[in-house]
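Data from run_31.cif: mmCIF, C-alpha atoms
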```
data_query
#
loop_
_atom_site.label_atom_id
_atom_site.label_comp_id
_atom_site.auth_asym_id
_atom_site.auth_seq_id
_atom_site.Cartn_x
_atom_site.Cartn_y
_atom_site.Cartn_z
CA MET T 1149 13.84 -9.58 -4.45
CA ALA T 1150 15.16 -8.33 -1.13
CA SER T 1151 14.98 -4.81 0.19
CA ARG T 1152 16.39 -3.06 3.21
CA PRO T 1153 13.78 -0.76 4.74
CA LYS T 1154 14.82 1.17 7.80
CA ARG T 1155 12.89 0.90 11.02
CA ARG T 1156 13.52 3.50 13.65
CA ALA T 1157 13.43 2.82 17.37
CA VAL T 1158 11.96 5.65 19.42
CA GLY T 1159 13.30 6.18 22.91
CA SER T 1160 11.64 8.00 25.81
CA GLY T 1161 13.27 10.60 28.02
CA ALA T 1162 13.72 10.12 31.76
CA PRO T 1163 10.95 11.65 33.91
CA GLN T 1164 11.70 15.07 35.31
CA PRO T 1165 11.91 15.41 39.11
CA PRO T 1166 8.96 17.23 40.64
CA GLY T 1167 9.48 20.87 41.58
CA GLY T 1168 9.99 21.75 45.22
CA PRO T 1169 7.76 24.04 47.32
CA ALA T 1170 8.05 27.82 47.08
CA VAL T 1171 10.57 29.41 49.49
CA ARG T 1172 10.82 32.95 50.84
CA ALA T 1173 14.53 33.39 51.51
CA GLU T 1174 16.65 34.86 48.70
CA GLU T 1175 19.35 32.23 49.17
CA GLU T 1176 16.77 29.48 48.80
CA GLU T 1177 15.44 31.18 45.66
CA GLU T 1178 18.98 31.27 44.23
CA ASP T 1179 19.36 27.59 45.07
CA GLY T 1180 16.09 26.98 43.23
CA VAL T 1181 17.40 28.76 40.13
CA GLU T 1182 20.55 26.63 40.23
CA ASP T 1183 18.43 23.51 40.56
CA GLU T 1184 16.38 24.60 37.53
CA ASP T 1185 19.58 25.10 35.53
CA GLU T 1186 20.72 21.62 36.48
CA ASP T 1187 17.32 20.22 35.51
CA GLU T 1188 17.57 21.93 32.11
CA GLU T 1189 21.04 20.47 31.59
CA ASP T 1190 19.75 17.02 32.53
CA SER T 1191 16.84 17.50 30.14
CA ASP T 1192 19.20 18.47 27.32
CA GLU T 1193 21.25 15.33 27.97
CA ASP T 1194 18.08 13.25 27.89
CA ASP T 1195 17.07 14.87 24.59
CA ASP T 1196 20.48 14.03 23.14
CA GLU T 1197 20.04 10.43 24.24
CA ASP T 1198 16.58 10.40 22.66
CA ASP T 1199 18.00 11.73 19.39
CA GLU T 1200 20.59 8.97 19.39
CA SER T 1201 17.86 6.40 19.92
CA VAL T 1202 15.71 7.82 17.13
CA ASP T 1203 18.68 7.79 14.73
CA GLU T 1204 19.33 4.10 15.40
CA GLU T 1205 18.75 2.07 12.25
CA VAL T 1206 17.61 -1.53 12.10
CA ASN T 1207 18.10 -3.33 8.79
CA VAL T 1208 15.32 -5.73 7.82
CA GLU T 1209 15.52 -7.88 4.69
CA PHE T 1210 12.54 -9.14 2.72
CA GLU T 1211 12.42 -11.82 0.05
CA ALA T 1212 9.84 -13.21 -2.37
CA TYR T 1213 8.64 -16.82 -1.98
CA SER T 1214 6.23 -18.93 -4.01
CA ILE T 1215 2.63 -18.80 -2.80
CA SER T 1216 1.49 -21.87 -0.86
CA ASP T 1217 -1.49 -23.05 1.18
CA LYS T 1218 0.06 -21.82 4.44
CA ASP T 1219 -0.13 -18.26 3.10
CA HIS T 1220 -3.95 -18.30 2.93
CA ASP T 1221 -4.66 -16.23 6.06
CA GLY T 1222 -1.97 -13.65 5.32
CA ILE T 1223 -3.11 -13.11 1.73
CA LYS T 1224 -6.74 -12.86 2.78
CA LYS T 1225 -5.86 -10.26 5.41
CA LEU T 1226 -4.04 -8.12 2.84
CA LEU T 1227 -6.97 -8.41 0.43
CA GLN T 1228 -9.32 -7.21 3.17
CA GLN T 1229 -7.09 -4.16 3.63
CA LEU T 1230 -7.46 -3.40 -0.07
CA PHE T 1231 -11.22 -3.94 -0.37
CA LEU T 1232 -12.13 -2.88 3.19
CA LYS T 1233 -15.91 -3.25 3.54
CA ALA T 1234 -16.63 -3.74 -0.16
CA PRO T 1235 -18.68 -6.90 -0.89
CA VAL T 1236 -15.88 -9.03 -2.37
CA ASN T 1237 -15.44 -12.69 -1.43
CA THR T 1238 -11.81 -12.46 -0.33
CA ALA T 1239 -11.74 -16.10 0.82
CA GLU T 1240 -12.62 -17.35 -2.67
CA LEU T 1241 -10.22 -14.88 -4.27
CA THR T 1242 -7.42 -16.11 -2.00
CA ASP T 1243 -8.14 -19.73 -2.95
CA LEU T 1244 -7.96 -18.89 -6.66
CA LEU T 1245 -4.65 -17.06 -6.25
CA ILE T 1246 -3.13 -19.99 -4.35
CA GLN T 1247 -4.25 -22.43 -7.06
CA GLN T 1248 -2.19 -20.45 -9.60
CA ASN T 1249 1.19 -21.80 -8.50
CA HIS T 1250 2.85 -20.79 -11.78
CA ILE T 1251 2.54 -17.11 -10.97
CA GLY T 1252 2.64 -15.00 -7.84
CA SER T 1253 4.85 -14.53 -4.79
CA VAL T 1254 4.54 -13.56 -1.16
CA ILE T 1255 6.91 -11.15 0.55
CA LYS T 1256 8.31 -12.29 3.89
CA GLN T 1257 11.06 -11.21 6.24
CA THR T 1258 14.26 -13.21 5.85
CA ASP T 1259 16.64 -14.54 8.50
CA VAL T 1260 14.31 -14.22 11.48
CA SER T 1261 16.51 -15.34 14.38
CA GLU T 1262 15.05 -17.24 17.31
CA ASP T 1263 16.60 -14.82 19.82
CA SER T 1264 15.26 -11.75 18.04
CA ASP T 1265 13.88 -9.03 20.32
CA ASP T 1266 10.98 -8.48 17.93
CA ASP T 1267 7.92 -10.71 18.09
CA VAL T 1268 8.04 -11.63 14.39
CA ASP T 1269 6.41 -14.69 12.84
CA GLU T 1270 8.74 -16.08 10.17
CA ASP T 1271 5.68 -16.88 8.02
CA GLU T 1272 4.10 -13.43 8.35
CA ILE T 1273 3.29 -11.93 4.94
CA PHE T 1274 4.20 -8.29 4.33
CA GLY T 1275 2.97 -8.23 0.75
CA PHE T 1276 2.11 -10.43 -2.18
CA ILE T 1277 2.22 -10.43 -5.96
CA SER T 1278 -0.38 -12.03 -8.21
CA LEU T 1279 -2.97 -11.65 -10.94
CA LEU T 1280 -6.53 -12.83 -11.55
CA ASN T 1281 -7.77 -13.10 -15.13
CA LEU T 1282 -11.29 -11.70 -14.77
CA THR T 1283 -12.27 -12.95 -18.23
CA GLU T 1284 -11.17 -16.54 -17.60
CA ARG T 1285 -12.73 -16.48 -14.13
CA LYS T 1286 -16.02 -15.05 -15.38
CA GLY T 1287 -18.88 -16.48 -13.35
CA THR T 1288 -16.94 -16.89 -10.10
CA GLN T 1289 -18.38 -14.82 -7.31
CA CYS T 1290 -15.24 -12.83 -6.53
CA ALA T 1291 -14.55 -11.95 -10.19
CA GLU T 1292 -18.11 -10.70 -10.71
CA GLN T 1293 -17.99 -8.76 -7.43
CA ILE T 1294 -14.73 -7.05 -8.41
CA LYS T 1295 -16.22 -5.94 -11.74
CA GLU T 1296 -19.38 -4.73 -10.01
CA LEU T 1297 -17.32 -2.77 -7.46
CA ILE T 1298 -15.33 -1.07 -10.22
CA LEU T 1299 -18.40 -0.21 -12.31
CA SER T 1300 -20.50 1.04 -9.38
CA SER T 1301 -17.63 3.22 -8.15
CA CYS T 1302 -17.18 4.57 -11.66
CA GLU T 1303 -20.88 5.44 -11.90
CA LYS T 1304 -20.68 7.43 -8.67
CA ASN T 1305 -17.54 9.35 -9.60
CA CYS T 1306 -17.38 9.60 -13.41
CA GLY T 1307 -19.43 10.62 -16.40
CA LYS T 1308 -21.72 8.34 -18.41
CA SER T 1309 -19.33 7.93 -21.35
CA LEU T 1310 -16.52 6.67 -19.13
CA VAL T 1311 -18.85 4.21 -17.40
CA GLU T 1312 -20.00 2.83 -20.74
CA GLN T 1313 -16.41 2.53 -21.98
CA LEU T 1314 -15.34 0.65 -18.86
CA ASP T 1315 -18.37 -1.65 -18.97
CA THR T 1316 -17.61 -2.56 -22.59
CA LEU T 1317 -13.95 -3.31 -21.85
CA LEU T 1318 -14.71 -5.45 -18.79
CA ASN T 1319 -17.20 -7.58 -20.70
CA ASP T 1320 -15.35 -8.04 -23.98
CA ASN T 1321 -14.38 -11.73 -23.96
CA SER T 1322 -12.10 -11.27 -26.97
CA LYS T 1323 -9.81 -8.95 -24.96
CA PRO T 1324 -9.13 -10.55 -21.54
CA VAL T 1325 -8.71 -8.25 -18.54
CA GLY T 1326 -6.33 -9.25 -15.77
CA PHE T 1327 -6.89 -7.90 -12.26
CA LEU T 1328 -3.38 -6.91 -11.20
CA LEU T 1329 -2.38 -7.47 -7.58
CA SER T 1330 1.26 -6.86 -8.31
CA GLU T 1331 3.71 -4.90 -10.40
CA ARG T 1332 6.69 -7.20 -10.74
CA LYS T 1333 8.46 -8.69 -13.72
CA GLU T 1334 7.07 -12.21 -13.42
CA LEU T 1335 3.68 -10.90 -14.52
CA ALA T 1336 5.18 -9.68 -17.77
CA GLU T 1337 6.69 -13.13 -18.28
CA ALA T 1338 3.27 -14.78 -17.79
CA HIS T 1339 1.83 -12.35 -20.32
CA LYS T 1340 4.07 -13.94 -22.98
CA THR T 1341 2.77 -17.45 -22.29
CA ASN T 1342 -0.48 -19.36 -22.72
CA LYS T 1343 -0.68 -20.22 -19.03
CA PRO T 1344 -3.82 -19.23 -17.11
CA CYS T 1345 -3.66 -15.49 -16.38
CA GLY T 1346 -1.39 -14.97 -19.37
CA LYS T 1347 -2.28 -13.20 -22.62
CA CYS T 1348 -4.22 -10.37 -20.99
CA TYR T 1349 -5.14 -7.53 -23.31
CA PHE T 1350 -5.71 -5.09 -20.43
CA TYR T 1351 -4.56 -4.96 -16.82
CA LEU T 1352 -6.83 -3.57 -14.11
CA LEU T 1353 -5.23 -2.16 -10.97
CA ILE T 1354 -6.70 -0.74 -7.76
CA SER T 1355 -4.16 1.35 -5.87
CA LYS T 1356 -4.25 2.71 -2.34
CA THR T 1357 -3.94 6.47 -2.69
CA PHE T 1358 -4.46 9.57 -0.55
CA VAL T 1359 -5.25 13.24 -0.95
CA GLU T 1360 -5.04 16.02 1.55
CA ALA T 1361 -8.27 16.08 3.56
CA GLY T 1362 -10.69 18.69 2.25
CA LYS T 1363 -9.45 18.46 -1.34
CA ASN T 1364 -11.03 16.60 -4.24
CA SER T 1365 -8.75 14.83 -6.73
CA LYS T 1366 -11.21 15.20 -9.63
CA LYS T 1367 -14.54 16.55 -10.75
CA LYS T 1368 -17.35 14.17 -11.61
CA GLY T 1369 -17.66 13.61 -15.32
CA SER T 1370 -13.96 14.11 -15.98
CA ASN T 1371 -11.41 11.42 -16.75
CA GLN T 1372 -8.50 13.72 -15.94
CA GLU T 1373 -6.94 13.19 -12.54
CA GLU T 1374 -4.62 15.72 -10.95
CA LYS T 1375 -1.75 13.34 -10.22
CA GLU T 1376 0.16 15.90 -8.20
CA GLU T 1377 -2.63 15.80 -5.61
CA LEU T 1378 -2.52 12.01 -5.32
CA MET T 1379 -0.12 10.22 -3.02
CA PHE T 1380 0.41 6.52 -3.69
CA ALA T 1381 0.88 4.08 -0.81
CA ASN T 1382 3.13 2.13 -3.21
CA ALA T 1383 5.18 4.71 -5.07
CA GLU T 1384 5.92 2.35 -7.99
CA GLU T 1385 2.26 2.32 -8.96
CA GLU T 1386 2.63 5.83 -10.32
CA PHE T 1387 4.29 4.22 -13.35
CA PHE T 1388 1.05 2.37 -14.07
CA TYR T 1389 -0.95 5.55 -13.52
CA GLU T 1390 1.08 7.37 -16.18
CA LYS T 1391 0.37 4.68 -18.79
CA ALA T 1392 -3.29 4.03 -17.95
CA ILE T 1393 -5.88 4.78 -20.63
CA LEU T 1394 -8.66 4.95 -18.05
CA LYS T 1395 -8.39 6.06 -14.43
CA PHE T 1396 -10.52 7.42 -11.63
CA SER T 1397 -10.55 7.55 -7.83
CA TYR T 1398 -13.19 6.93 -5.20
CA SER T 1399 -13.21 7.62 -1.48
CA VAL T 1400 -13.05 4.85 1.12
CA GLN T 1401 -13.04 7.19 4.09
CA GLU T 1402 -16.39 5.89 5.35
CA GLU T 1403 -15.14 2.30 5.12
CA SER T 1404 -11.75 2.82 6.72
CA ASP T 1405 -11.10 2.14 10.36
CA THR T 1406 -7.99 1.88 12.51
CA ARG T 1407 -7.84 -1.92 12.23
CA LEU T 1408 -8.06 -2.18 8.43
CA GLY T 1409 -7.25 1.20 6.96
CA GLY T 1410 -5.36 2.99 9.69
CA ARG T 1411 -5.33 6.73 10.27
CA TRP T 1412 -3.08 8.45 7.74
CA SER T 1413 -1.28 11.77 7.85
CA PHE T 1414 1.76 13.26 6.13
CA ASP T 1415 3.80 15.93 7.91
CA ASP T 1416 0.89 16.14 10.38
CA VAL T 1417 -1.51 16.95 7.53
CA PRO T 1418 -4.57 14.65 7.65
CA MET T 1419 -5.05 12.60 4.52
CA LYS T 1420 -8.22 11.25 2.93
CA PRO T 1421 -7.95 7.56 1.87
CA LEU T 1422 -8.91 6.70 -1.71
CA ARG T 1423 -8.77 3.82 -4.12
CA THR T 1424 -7.54 4.71 -7.60
CA VAL T 1425 -8.62 2.45 -10.46
CA MET T 1426 -6.41 2.19 -13.55
CA LEU T 1427 -6.78 0.26 -16.80
CA ILE T 1428 -3.49 -0.32 -18.62
CA PRO T 1429 -3.08 -1.84 -22.11
CA GLY T 1430 -0.99 -5.00 -22.11
CA ASP T 1431 1.33 -3.64 -24.79
CA ARG T 1432 2.51 -0.95 -22.37
CA MET T 1433 3.59 -3.40 -19.67
CA ASP T 1434 7.13 -3.90 -20.96
CA GLU T 1435 7.80 -0.19 -20.75
CA ILE T 1436 6.37 -0.06 -17.23
CA MET T 1437 8.50 -3.04 -16.16
CA ASP T 1438 11.63 -1.34 -17.48
CA ARG T 1439 10.79 1.75 -15.43
CA LEU T 1440 10.19 -0.43 -12.39
CA LYS T 1441 13.53 -2.20 -12.72
CA GLU T 1442 15.29 1.16 -12.91
CA HIS T 1443 13.37 2.42 -9.88
CA LEU T 1444 14.01 -0.68 -7.76
CA SER T 1445 17.71 -0.79 -8.62
CA VAL T 1446 18.37 2.70 -7.26
#
```

With the file now loaded, output its structure as structure tokens.
Amino acid sequence: MASRPKRRAVGSGAPQPPGGPAVRAEEEEEDGVEDEDEDEEDSDEDDDEDDESVDEEVNVEFEAYSISDKDHDGIKKLLQQLFLKAPVNTAELTDLLIQQNHIGSVIKQTDVSEDSDDDVDEDEIFGFISLLNLTERKGTQCAEQIKELILSSCEKNCGKSLVEQLDTLLNDNSKPVGFLLSERKELAEAHKTNKPCGKCYFYLLISKTFVEAGKNSKKKGSNQEEKEELMFANAEEEFFYEKAILKFSYSVQEESDTRLGGRWSFDDVPMKPLRTVMLIPGDRMDEIMDRLKEHLSV
């Protein structure tokens, strides 16, 4: 699926000439005023040029490709951005996702010309789509670490009853839980098959979210999030949030840095980075996929 995001090029205005020394004669002062007027006119022209530069649009197309061995480093890097400093073996997780060649895609830029002004690697990964069946992969280090991360974060941010409910669901072998690293239609297709990762009873999703710094999105012991306070890095994931039977958020502010997490703000308002955990029943996926198709077709 290709998209056309807009990237804006920001121009810089020409440097202003330095001001001249103070003069005593009235005629020289008048000349100085005229010079200032000319400088202001030049500055206005520069601003207009800057506005034209800012309004310049560059179309970039992306497309989904099957996951392959050459995507290992890119997928691992994106997983590190999700988990940050959490103790999850992202190398092993990447290997498992690559082994599942029947499901999953990577998002890359299309039609990267050799004479492009941008330094873009044609194999650079801008996103990926996949799923790990935590029940089938029980016993692997990364699967156990993901479950431990979810449960420990729940214990720190939620009440005892919610923790017990989540623990029961994650360890019920009769109702497989799939760790969702995507939200696209091919996952729903796999759900209808007997292929590995298919037939999941629940889907677990960790979303990158934000709240305005200084505000809390929930009170400990409550399972009710105030969605209007949450901002999703991927807007489509709100559809999953609406259908989740279990959800909570935890802060990753102490783990974030410029290299992995970036510094986030919206309209110059500083934002606090979170991770929002959602558990969605498999029988609600078709409805979510229909909403997604409508959203992506707009």

Extending 3 Å beyond the listed atoms of region 1226-1234 of chain T on each side, what axis-aligned box results? I want centre and edge lengths in Å to one decimal, as JSON.
```
{"center_x": -10.3, "center_y": -5.6, "center_z": 1.6, "size_x": 18.6, "size_y": 11.5, "size_z": 10.0}
```

Kindly resolve the PyMOL selection byres ((chain T and resi 1231-1245) around 10) on the present coordinates and return the residues as a PyMOL selection string.
chain T and resi 1215-1217+1219-1230+1246-1249+1251-1253+1277-1280+1285+1288-1297+1329+1354+1356+1400+1402-1405+1408-1409+1423

Taking 4 positions as the minimum chain separation for residues in the same chain, which residues sit within 7 Å of Tyr1351 (chain T) when counting all atoms listed in the file? Answer as a PyMOL selection string.
chain T and resi 1325-1328+1427-1430

List the spatial neighbours of Glu1435 (chain T) as an MDAnalysis selection string - criterion: any atom at most 12 Å away, all atoms listed in the file, same-chain residues fewer than 2 positions off excluded.
chainID T and resid 1333 1336 1387:1388 1390:1391 1428:1433 1437:1442

Could you check how far CA of Gln1257 (chain T) sits from CA of Asn1382 (chain T), in Å to one decimal?
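Computed distance, CA of Gln1257 (chain T) to CA of Asn1382 (chain T), equals 18.2 Å.
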
Suppose you want the space between CA of Leu1310 (chain T) and CA of Asp1434 (chain T); what is it in Å?
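It comes out at 26.0 Å.
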
What gap, in Å, lies between CA of Glu1272 (chain T) and CA of Lys1256 (chain T)?
6.2 Å

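Candidate residues T:Asp1320, T:Glu1211, T:Ile1298, T:Ser1397 were compared for distance to Glu1284 (chain T), and the nearest is T:Asp1320, using only C-alpha atoms.
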
Evaluating the PyMOL selection byres ((chain T and resi 1314-1319) around 9) on the displayed file yields which residues, as number ranges by chain?
T: 1282-1283, 1295, 1298-1299, 1302, 1309-1313, 1320-1325, 1350, 1394, 1427
